[in-house]
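**Student:** Handing over upload.pdb, PDB, C-alpha atoms, pLDDT in the B column.
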```pdb
ATOM      1  CA  MET C 175       0.000   0.000   0.000  1.00 84.00           C
ATOM      2  CA  ALA C 176       1.411   3.400  -0.963  1.00 88.00           C
ATOM      3  CA  ARG C 177       1.243   6.413   1.351  1.00 83.00           C
ATOM      4  CA  GLU C 178      -0.758   8.222  -1.330  1.00 86.00           C
ATOM      5  CA  GLU C 179      -3.568   5.689  -0.825  1.00 92.00           C
ATOM      6  CA  LEU C 180      -3.948   6.689   2.837  1.00 92.00           C
ATOM      7  CA  THR C 181      -5.905   9.563   4.373  1.00 92.00           C
ATOM      8  CA  ARG C 182      -3.625  11.520   6.682  1.00 89.00           C
ATOM      9  CA  LEU C 183      -5.473  12.360   9.912  1.00 90.00           C
ATOM     10  CA  THR C 184      -2.717  14.287  11.691  1.00 88.00           C
ATOM     11  CA  GLY C 185      -0.074  16.872  10.928  1.00 80.00           C
ATOM     12  CA  ASN C 186      -0.038  19.405   8.148  1.00 68.00           C
ATOM     13  CA  GLY C 187       3.568  19.024   7.023  1.00 57.00           C
ATOM     14  CA  ASN C 188       4.378  22.526   8.258  1.00 56.00           C
ATOM     15  CA  GLY C 189       5.807  21.512  11.633  1.00 53.00           C
ATOM     16  CA  THR C 190       9.374  20.971  12.705  1.00 58.00           C
ATOM     17  CA  CYS C 191       9.807  17.881  10.547  1.00 61.00           C
ATOM     18  CA  GLY C 192       9.132  18.650   6.918  1.00 59.00           C
ATOM     19  CA  GLU C 193      10.115  15.393   5.250  1.00 61.00           C
ATOM     20  CA  ASP C 194       6.823  13.566   6.057  1.00 59.00           C
ATOM     21  CA  ASP C 195       8.702  11.819   8.845  1.00 62.00           C
ATOM     22  CA  CYS C 196       6.696  13.166  11.774  1.00 78.00           C
ATOM     23  CA  PRO C 197       4.632  10.824  13.922  1.00 87.00           C
ATOM     24  CA  ASN C 198       1.281  10.576  12.128  1.00 89.00           C
ATOM     25  CA  VAL C 199      -1.937   8.614  12.008  1.00 91.00           C
ATOM     26  CA  TYR C 200      -3.504   7.557   8.711  1.00 92.00           C
ATOM     27  CA  ARG C 201      -6.755   5.850   7.698  1.00 94.00           C
ATOM     28  CA  THR C 202      -6.933   3.220   4.966  1.00 96.00           C
ATOM     29  CA  ALA C 203      -9.698   2.898   2.377  1.00 94.00           C
ATOM     30  CA  SER C 204     -11.079  -0.040   4.372  1.00 94.00           C
ATOM     31  CA  GLY C 205     -11.191   2.032   7.573  1.00 94.00           C
ATOM     32  CA  SER C 206      -8.124   0.573   9.294  1.00 95.00           C
ATOM     33  CA  ILE C 207      -5.682   2.837  11.116  1.00 95.00           C
ATOM     34  CA  VAL C 208      -1.966   3.045  10.263  1.00 94.00           C
ATOM     35  CA  VAL C 209       0.364   4.691  12.788  1.00 93.00           C
ATOM     36  CA  GLN C 210       3.769   6.160  11.919  1.00 90.00           C
ATOM     37  CA  GLY C 211       6.166   6.855  14.768  1.00 91.00           C
ATOM     38  CA  ASP C 212       9.506   6.155  16.343  1.00 91.00           C
ATOM     39  CA  VAL C 213      10.401   2.480  16.591  1.00 94.00           C
ATOM     40  CA  SER C 214       9.923   1.234  20.149  1.00 96.00           C
ATOM     41  CA  ASP C 215      11.739  -1.559  21.911  1.00 96.00           C
ATOM     42  CA  ALA C 216       9.296  -1.740  24.846  1.00 96.00           C
ATOM     43  CA  PHE C 217       8.930  -5.494  24.226  1.00 97.00           C
ATOM     44  CA  THR C 218       9.399  -7.957  21.383  1.00 97.00           C
ATOM     45  CA  PRO C 219       6.164  -8.181  19.376  1.00 97.00           C
ATOM     46  CA  PRO C 220       5.014 -11.338  17.597  1.00 97.00           C
ATOM     47  CA  GLN C 221       6.486 -12.203  14.202  1.00 97.00           C
ATOM     48  CA  GLY C 222       5.231  -9.835  11.515  1.00 96.00           C
ATOM     49  CA  GLU C 223       4.241  -7.061  13.934  1.00 96.00           C
ATOM     50  CA  GLY C 224       6.029  -3.908  15.032  1.00 96.00           C
ATOM     51  CA  LEU C 225       5.831  -1.322  17.799  1.00 96.00           C
ATOM     52  CA  VAL C 226       5.885   2.447  17.380  1.00 94.00           C
ATOM     53  CA  GLU C 227       5.634   5.315  19.820  1.00 93.00           C
ATOM     54  CA  ILE C 228       3.644   8.466  19.097  1.00 92.00           C
ATOM     55  CA  PRO C 229       2.960  11.483  21.291  1.00 91.00           C
ATOM     56  CA  GLU C 230      -0.455  11.587  22.974  1.00 93.00           C
ATOM     57  CA  SER C 231      -1.174  14.852  21.137  1.00 90.00           C
ATOM     58  CA  VAL C 232      -0.951  13.034  17.783  1.00 90.00           C
ATOM     59  CA  LEU C 233      -3.484  10.432  18.890  1.00 92.00           C
ATOM     60  CA  ARG C 234      -5.831  13.144  20.213  1.00 93.00           C
ATOM     61  CA  GLU C 235      -5.581  14.973  16.874  1.00 92.00           C
ATOM     62  CA  ALA C 236      -6.492  11.770  15.006  1.00 93.00           C
ATOM     63  CA  VAL C 237      -9.505  11.180  17.263  1.00 94.00           C
ATOM     64  CA  ARG C 238     -10.717  14.742  16.603  1.00 94.00           C
ATOM     65  CA  ALA C 239     -10.226  14.296  12.842  1.00 93.00           C
ATOM     66  CA  LEU C 240     -12.365  11.142  12.937  1.00 93.00           C
ATOM     67  CA  GLY C 241     -15.057  12.871  14.977  1.00 94.00           C
ATOM     68  CA  TRP C 242     -14.911  10.345  17.804  1.00 90.00           C
TER      69      TRP C 242
END
```
What's the structure tokens form of this structure?
**Tutor:**
Amino acid sequence: MAREELTRLTGNGNGTCGEDDCPNVYRTASGSIVVQGDVSDAFTPPQGEGLVEIPESVLREAVRALGW
């Protein structure tokens, strides 16, 4: 899946990181959520899964964008 196929719910690209590398939350066409953030080593996830960390403010912004 390409980034262009996702709906970006957070960030406007005008913040302190301008290379689309900020923590962000996206929505897929099927309604799933994709989270972009710093890789976390809090624990070892199951095979095929990964962990990321995002600031609480990013998650709150995504919730507002979804109208939840």
**Student:** What's the 12 Å shell around Ala176 of chain C, counting only C-alpha atoms, without same-chain residues fewer than 5 positions away, as a compact mmCIF listing (two decimals) with C-alpha atoms, in the coordinates of the input?
**Tutor:**
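Okay, around.txt is ready:
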```txt
# COMPACT_ATOMS: atom_id res chain seq x y z
CA THR C 181 -5.90 9.56 4.37
CA TYR C 200 -3.50 7.56 8.71
CA THR C 202 -6.93 3.22 4.97
CA ALA C 203 -9.70 2.90 2.38
CA VAL C 208 -1.97 3.04 10.26
```
**Student:** What's the separation between atom CA of Glu179 of chain C and atom CA of Thr218 of chain C, in Å to one decimal place?
**Tutor:** 29.1 Å
**Student:** Tell me, in Å to one decimal, how far atom CA of Gln221 of chain C is from atom CA of Thr184 of chain C.
**Tutor:**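 The value is 28.2 Å.
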**Student:** Would you compute an axis-aligned box for segment 200-213 of chain C, covering every atom listed for it in the file with 5 Å of margin on each side, and report centre and edge lengths in Å to one decimal as AutoDock Vina command-line options?
**Tutor:**
```
--center_x -0.4 --center_y 3.8 --center_z 9.5 --size_x 31.6 --size_y 17.6 --size_z 24.2
```
**Student:** May I ask which of the residues C:Val226, C:Met175, C:Val213, C:Val199 is the closest one to Arg238 of chain C, counting all atoms listed in the file?
**Tutor:**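 With all atoms listed in the file as the atom set, the closest residue is C:Val199.
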**Student:** Return as a PDB file with C-alpha atoms, in the coordinates of the input the set of residues that the PyMOL selection byres ((chain C and resi 215) around 10) yields on the displayed structure.
**Tutor:**
```pdb
ATOM      1  CA  ASP C 212       9.506   6.155  16.343  1.00 91.00           C
ATOM      2  CA  VAL C 213      10.401   2.480  16.591  1.00 94.00           C
ATOM      3  CA  SER C 214       9.923   1.234  20.149  1.00 96.00           C
ATOM      4  CA  ALA C 216       9.296  -1.740  24.846  1.00 96.00           C
ATOM      5  CA  PHE C 217       8.930  -5.494  24.226  1.00 97.00           C
ATOM      6  CA  THR C 218       9.399  -7.957  21.383  1.00 97.00           C
ATOM      7  CA  PRO C 219       6.164  -8.181  19.376  1.00 97.00           C
ATOM      8  CA  GLY C 224       6.029  -3.908  15.032  1.00 96.00           C
ATOM      9  CA  LEU C 225       5.831  -1.322  17.799  1.00 96.00           C
ATOM     10  CA  VAL C 226       5.885   2.447  17.380  1.00 94.00           C
ATOM     11  CA  GLU C 227       5.634   5.315  19.820  1.00 93.00           C
TER      12      GLU C 227
END
```
**Student:** To one decimal in Å, tell me the separation between atom CA of Pro197 of chain C and atom CA of Gly222 of chain C.
**Tutor:** 20.8 Å
**Student:** Name the residues captured by the PyMOL selection byres ((chain C and resi 239) around 12) when it is applied to the shown file; answer as a list in words.
**Tutor:** Thr181, Arg182, Leu183, Thr184, Gly185, Val199, Tyr200, Arg201, Val232, Leu233, Arg234, Glu235, Ala236, Val237, Arg238, Leu240, Gly241 and Trp242 of chain C
